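Undergrad: My structure is stored as start-v5.txt, with compact mmCIF, C-alpha atoms.
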```
# COMPACT_ATOMS: atom_id res chain seq x y z
CA MET A 40 197.22 -124.31 167.58
CA ALA A 41 197.55 -125.53 164.06
CA ALA A 42 199.67 -128.57 163.41
CA LYS A 43 202.79 -128.08 161.34
CA ARG A 44 202.66 -129.50 157.86
CA ALA A 45 205.41 -131.76 156.61
CA LYS A 46 207.54 -130.49 153.73
CA ALA A 47 206.42 -131.84 150.41
CA GLY A 48 209.03 -133.21 148.03
CA ALA A 49 211.26 -136.16 147.35
CA ALA A 50 212.32 -138.43 150.16
CA ILE A 51 215.86 -138.60 148.81
CA PRO A 52 217.62 -135.31 148.07
CA ARG A 53 218.71 -134.81 144.49
CA ARG A 54 222.34 -135.43 143.66
CA ARG A 55 224.53 -132.37 143.89
CA ARG A 56 225.86 -131.24 140.54
CA VAL A 57 229.18 -129.50 139.98
CA THR A 58 229.36 -126.45 137.72
CA GLY A 59 232.08 -127.90 135.51
CA ILE A 60 230.87 -126.75 132.07
CA ILE A 61 229.01 -123.49 131.33
CA ASN A 62 227.94 -121.66 128.19
CA GLY A 63 230.98 -120.60 126.18
CA THR A 64 233.22 -123.44 127.39
CA ARG A 65 235.42 -124.99 124.71
CA LEU A 66 235.40 -128.80 124.66
CA VAL A 67 237.68 -131.31 122.94
CA VAL A 68 235.78 -133.75 120.74
CA ALA A 69 236.89 -137.27 121.73
CA ASP A 70 235.52 -139.17 118.74
CA ASN A 71 236.36 -139.57 115.05
CA SER A 72 233.43 -137.55 113.68
CA GLY A 73 235.69 -134.90 112.10
CA ALA A 74 235.22 -132.12 114.66
CA LYS A 75 238.21 -131.23 116.85
CA GLU A 76 236.90 -128.47 119.15
CA VAL A 77 233.38 -127.28 120.00
CA MET A 78 231.85 -124.51 122.10
CA VAL A 79 228.88 -125.04 124.43
CA MET A 80 225.82 -122.96 123.52
CA GLY A 81 223.23 -124.42 125.88
CA VAL A 82 222.32 -127.30 128.16
CA ILE A 83 219.42 -129.62 127.29
CA GLY A 84 216.77 -129.99 130.00
CA ILE A 85 218.03 -127.22 132.30
CA LYS A 86 215.66 -124.48 133.41
CA THR A 87 217.23 -121.82 135.60
CA ARG A 88 216.47 -118.46 137.09
CA LEU A 89 216.61 -115.34 134.92
CA ARG A 90 220.22 -114.38 134.07
CA ARG A 91 221.68 -117.42 135.81
CA ILE A 92 224.15 -119.18 133.53
CA PRO A 93 223.07 -122.78 132.91
CA PHE A 94 225.74 -125.36 133.70
CA ALA A 95 226.39 -128.97 132.85
CA SER A 96 228.52 -131.77 134.23
CA VAL A 97 229.57 -135.28 133.17
CA GLY A 98 226.77 -137.17 131.43
CA ASP A 99 224.69 -134.13 130.42
CA MET A 100 223.59 -133.42 126.85
CA VAL A 101 224.53 -129.98 125.55
CA VAL A 102 224.05 -127.97 122.35
CA VAL A 103 227.40 -127.13 120.76
CA THR A 104 228.78 -125.34 117.73
CA VAL A 105 231.86 -126.66 115.93
CA LYS A 106 234.82 -124.25 116.08
CA LYS A 107 237.62 -126.42 114.66
CA GLY A 108 237.32 -129.42 112.38
CA THR A 109 236.41 -130.39 108.85
CA PRO A 110 234.91 -127.66 106.65
CA GLU A 111 231.61 -129.58 106.39
CA LEU A 112 231.13 -129.56 110.18
CA LYS A 113 232.58 -126.14 110.97
CA GLY A 114 229.89 -123.71 112.14
CA GLN A 115 227.17 -126.34 112.54
CA LYS A 116 225.01 -126.60 115.64
CA LEU A 117 224.97 -130.15 117.04
CA ARG A 118 224.29 -132.03 120.25
CA ALA A 119 226.98 -133.61 122.40
CA ILE A 120 227.35 -135.59 125.63
CA ILE A 121 230.01 -134.55 128.11
CA ILE A 122 232.31 -137.47 128.98
CA ARG A 123 235.17 -135.71 130.86
CA GLN A 124 235.54 -132.50 132.89
CA LYS A 125 238.49 -130.81 134.59
CA LYS A 126 236.58 -129.66 137.66
CA PRO A 127 236.66 -132.34 140.39
CA PHE A 128 233.32 -133.95 141.22
CA ARG A 129 232.40 -136.29 144.06
CA ARG A 130 230.90 -139.73 143.63
CA PRO A 131 228.39 -141.19 146.12
CA ASP A 132 231.08 -143.51 147.54
CA GLY A 133 233.19 -140.48 148.52
CA THR A 134 235.87 -140.56 145.81
CA TRP A 135 236.76 -137.41 143.88
CA ILE A 136 237.29 -137.60 140.10
CA ALA A 137 238.95 -135.04 137.81
CA PHE A 138 240.21 -135.39 134.25
CA GLU A 139 242.94 -133.60 132.29
CA ASP A 140 240.54 -131.95 129.84
CA ASN A 141 236.93 -131.13 129.10
CA ALA A 142 235.73 -133.52 126.41
CA CYS A 143 232.51 -134.55 124.67
CA VAL A 144 231.11 -136.94 122.07
CA LEU A 145 228.90 -135.71 119.22
CA VAL A 146 225.49 -137.41 119.13
CA ASN A 147 222.14 -137.28 117.34
CA PRO A 148 219.15 -135.76 119.19
CA ASP A 149 218.09 -139.25 120.35
CA GLY A 150 221.52 -139.92 121.91
CA THR A 151 223.12 -142.25 119.37
CA PRO A 152 226.75 -141.32 118.59
CA LYS A 153 227.70 -139.94 115.19
CA ALA A 154 231.17 -141.53 115.22
CA LYS A 155 232.44 -145.10 115.42
CA GLU A 156 235.12 -144.79 118.15
CA ILE A 157 235.82 -142.78 121.30
CA ARG A 158 239.36 -141.84 122.27
CA GLY A 159 240.53 -141.58 125.89
CA PRO A 160 238.86 -142.38 129.21
CA VAL A 161 235.14 -141.86 129.84
CA ALA A 162 233.47 -141.22 133.21
CA ARG A 163 231.22 -143.97 134.56
CA GLU A 164 228.38 -141.46 135.05
CA ALA A 165 228.19 -140.85 131.29
CA ILE A 166 228.19 -144.59 130.56
CA GLU A 167 225.35 -145.28 133.04
CA ARG A 168 223.20 -142.47 131.67
CA TRP A 169 223.86 -143.08 127.95
CA PRO A 170 224.24 -146.83 127.24
CA GLN A 171 224.54 -146.15 123.48
CA ILE A 172 228.12 -144.91 123.93
CA ALA A 173 229.10 -147.74 126.29
CA ASN A 174 230.01 -150.25 123.56
CA MET A 175 232.40 -147.77 121.86
CA VAL A 176 234.46 -147.01 124.98
CA THR A 177 237.79 -148.65 125.77
CA ILE A 178 238.58 -147.03 129.16
CA VAL A 179 235.96 -146.39 131.84
CA VAL A 180 236.96 -144.43 134.96
```
Represent the structure from my file as structure tokens, please.
TA:
Amino acid sequence: MAAKRAKAGAAIPRRRRVTGIINGTRLVVADNSGAKEVMVMGVIGIKTRLRRIPFASVGDMVVVTVKKGTPELKGQKLRAIIIRQKKPFRRPDGTWIAFEDNACVLVNPDGTPKAKEIRGPVAREAIERWPQIANMVTIVV
């Protein structure tokens, strides 16, 4: 008899992600860049099966288009980092976190923020993944 082969892969399973934000979701812009509301067009770094809608959660970078805001920004395609989501998500210590709204911060392609201040609370997962926005935040949850 042939010996069974061990499964190849990571020793630690990957963290479960919650489908909080999908394509077409409207997000509130929580910085002073001039945009007020954006719509998600795509998720950076996500490769999915054919016809499966890509999703993002707190701390992910997404491609957005500005729907409401200053005339210079309206209609532009930009990148943003999600800092809050309504859908509850579980942390490794067992606590569940949910926010009042879906919010993001506009950034450059390298991850540096376009604005000088961030309004409202920011999830700790976004701060850990993107340290460039950490020094602009007043409330971390």
Undergrad: Please list, as a list in words, the residues that have an atom at most 7 Å away from (223.7, -128.3, 136.8) in the coordinates of this file, counting only C-alpha atoms.
TA: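 Selection result: Arg56, Val57, Thr58, Pro93, Phe94, Ala95 and Ser96 of chain A.
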Undergrad: For Cys143 of chain A, which of A:Val105, A:Ala119, A:Met80, A:Ile92 is the closest residue, counting all atoms listed in the file?
TA: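 Between A:Val105, A:Ala119, A:Met80, A:Ile92, the residue approaching Cys143 of chain A most closely is A:Ala119.
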Undergrad: Hey, can you check how far atom CA of Arg91 of chain A sits from atom CA of Leu117 of chain A?
TA: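 According to the coordinates, atom CA of Arg91 of chain A and atom CA of Leu117 of chain A are separated by 22.9 Å.
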Undergrad: Would you kindly identify which residues have an atom no farther than 12 Å from (219.9, -137.0, 118.6), using only C-alpha atoms and the file's own coordinates, and write them out as a list in words?
TA: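 Neighbouring residues, ordered by chain and number, come to Ile83, Met100, Val101, Val102, Lys116, Leu117, Arg118, Ala119, Ile120, Val144, Leu145, Val146, Asn147, Pro148, Asp149, Gly150, Thr151, Pro152, Lys153, Trp169 and Gln171 of chain A.
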Undergrad: Would you save the residues of that selection, restricted to C-alpha atoms, as a CSV table (one decimal), in the frame of the given file?
TA:
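As a result, result_13.csv now contains:
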```csv
chain,number,residue,atom,x,y,z
A,83,ILE,CA,219.4,-129.6,127.3
A,100,MET,CA,223.6,-133.4,126.8
A,101,VAL,CA,224.5,-130.0,125.6
A,102,VAL,CA,224.0,-128.0,122.4
A,116,LYS,CA,225.0,-126.6,115.6
A,117,LEU,CA,225.0,-130.2,117.0
A,118,ARG,CA,224.3,-132.0,120.2
A,119,ALA,CA,227.0,-133.6,122.4
A,120,ILE,CA,227.4,-135.6,125.6
A,144,VAL,CA,231.1,-136.9,122.1
A,145,LEU,CA,228.9,-135.7,119.2
A,146,VAL,CA,225.5,-137.4,119.1
A,147,ASN,CA,222.1,-137.3,117.3
A,148,PRO,CA,219.2,-135.8,119.2
A,149,ASP,CA,218.1,-139.2,120.4
A,150,GLY,CA,221.5,-139.9,121.9
A,151,THR,CA,223.1,-142.2,119.4
A,152,PRO,CA,226.8,-141.3,118.6
A,153,LYS,CA,227.7,-139.9,115.2
A,169,TRP,CA,223.9,-143.1,128.0
A,171,GLN,CA,224.5,-146.2,123.5
```
Undergrad: Go through A:Ile85, A:Leu112, A:Met175, A:Val180 and flag the residue nearest Arg130 of chain A, using all atoms listed in the file for the distances.
TA: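 Using all atoms listed in the file, the shortest distance to Arg130 of chain A belongs to A:Val180.
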Undergrad: Please report the interatomic distance between atom CA of Arg88 of chain A and atom CA of Val103 of chain A in Å with one decimal.
TA: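 Between these atoms lies a distance of 21.5 Å.
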Undergrad: A:Val82, A:Ile121, A:Ile60, A:Val77: which is nearest Thr104 of chain A, counting all atoms listed in the file?
TA: A:Val77
Undergrad: Calculated over all atoms listed in the file, which of the candidates A:Arg123, A:Thr109, A:Asp70, A:Ile136 has the smallest distance to Pro160 of chain A?
TA: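 The answer is A:Arg123, which sits nearest to Pro160 of chain A.
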Undergrad: Please list as a PyMOL selection string every residue within 8 Å of Val176 of chain A, counting only C-alpha atoms and excluding residues in the same chain fewer than 2 positions away.
TA: chain A and resi 156-158+160-161+172-174+178-179
Undergrad: Taking into account all atoms listed in the file, which residue in the set A:Thr87, A:Ser72, A:Asn62, A:Thr177 is nearest to Ala162 of chain A?
TA: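 For Ala162 of chain A, the nearest of the given residues is A:Thr177.
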Undergrad: Give me, please, the distance in Å between atom CA of Gly81 of chain A and atom CA of Gly108 of chain A, quoted to one decimal.
TA: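 Calculated distance between atom CA of Gly81 of chain A and atom CA of Gly108 of chain A is 20.1 Å.
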Undergrad: With distances taken over all atoms listed in the file, which of A:Glu164, A:Lys155, A:Thr64, A:Gly73 is nearest to Pro131 of chain A?
TA: A:Glu164
Undergrad: Could you name the residues that touch Ala137 of chain A at 7 Å or less, counting all atoms listed in the file, but leaving out those on the same chain fewer than 6 positions away, as JSON, numbers by chain?
TA: {"A": [124, 125, 126, 127, 128]}
Undergrad: Taking N, CA and C atoms as the atom set, what does segment 92-117 of chain A look like once completed, written as a compact mmCIF listing (two decimals), in the frame of the given file?
TA:
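Result saved to rebuild.txt:
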```
# COMPACT_ATOMS: atom_id res chain seq x y z
N ILE A 92 223.52 -118.44 134.63
CA ILE A 92 224.15 -119.18 133.53
C ILE A 92 223.90 -120.67 133.73
N PRO A 93 223.29 -121.34 132.76
CA PRO A 93 223.07 -122.78 132.91
C PRO A 93 224.39 -123.54 132.85
N PHE A 94 224.51 -124.59 133.66
CA PHE A 94 225.74 -125.36 133.70
C PHE A 94 225.46 -126.82 133.48
N ALA A 95 226.49 -127.54 133.10
CA ALA A 95 226.39 -128.97 132.85
C ALA A 95 227.57 -129.67 133.51
N SER A 96 227.43 -130.96 133.70
CA SER A 96 228.52 -131.77 134.23
C SER A 96 228.58 -133.07 133.44
N VAL A 97 229.35 -134.03 133.91
CA VAL A 97 229.57 -135.28 133.17
C VAL A 97 228.24 -136.01 132.98
N GLY A 98 227.98 -136.43 131.75
CA GLY A 98 226.77 -137.17 131.43
C GLY A 98 225.64 -136.33 130.91
N ASP A 99 225.76 -135.01 130.90
CA ASP A 99 224.69 -134.13 130.42
C ASP A 99 224.79 -133.94 128.91
N MET A 100 223.63 -133.73 128.28
CA MET A 100 223.59 -133.42 126.85
C MET A 100 223.58 -131.91 126.69
N VAL A 101 224.42 -131.41 125.79
CA VAL A 101 224.53 -129.98 125.55
C VAL A 101 224.40 -129.69 124.05
N VAL A 102 224.06 -128.45 123.73
CA VAL A 102 224.05 -127.97 122.35
C VAL A 102 225.39 -127.29 122.11
N VAL A 103 226.07 -127.68 121.04
CA VAL A 103 227.40 -127.13 120.76
C VAL A 103 227.48 -126.62 119.34
N THR A 104 228.45 -125.77 119.09
CA THR A 104 228.78 -125.34 117.73
C THR A 104 230.23 -125.71 117.47
N VAL A 105 230.51 -126.20 116.27
CA VAL A 105 231.86 -126.66 115.93
C VAL A 105 232.74 -125.47 115.61
N LYS A 106 233.87 -125.34 116.30
CA LYS A 106 234.82 -124.25 116.08
C LYS A 106 236.00 -124.69 115.23
N LYS A 107 236.50 -125.90 115.45
CA LYS A 107 237.62 -126.42 114.66
C LYS A 107 237.27 -127.81 114.17
N GLY A 108 237.61 -128.10 112.94
CA GLY A 108 237.32 -129.42 112.38
C GLY A 108 237.22 -129.35 110.87
N THR A 109 236.55 -130.34 110.30
CA THR A 109 236.41 -130.39 108.85
C THR A 109 235.51 -129.24 108.37
N PRO A 110 235.72 -128.78 107.14
CA PRO A 110 234.91 -127.66 106.65
C PRO A 110 233.41 -127.96 106.60
N GLU A 111 233.04 -129.24 106.43
CA GLU A 111 231.61 -129.58 106.39
C GLU A 111 230.95 -129.40 107.76
N LEU A 112 231.69 -129.66 108.83
CA LEU A 112 231.13 -129.56 110.18
C LEU A 112 231.28 -128.18 110.80
N LYS A 113 232.25 -127.42 110.34
CA LYS A 113 232.58 -126.14 110.97
C LYS A 113 231.39 -125.18 110.91
N GLY A 114 231.01 -124.65 112.06
CA GLY A 114 229.89 -123.71 112.14
C GLY A 114 228.54 -124.35 112.38
N GLN A 115 228.45 -125.67 112.33
CA GLN A 115 227.17 -126.34 112.54
C GLN A 115 226.81 -126.40 114.02
N LYS A 116 225.51 -126.40 114.28
CA LYS A 116 225.01 -126.60 115.64
C LYS A 116 224.62 -128.07 115.79
N LEU A 117 225.20 -128.74 116.80
CA LEU A 117 224.97 -130.15 117.04
C LEU A 117 224.71 -130.38 118.52
```
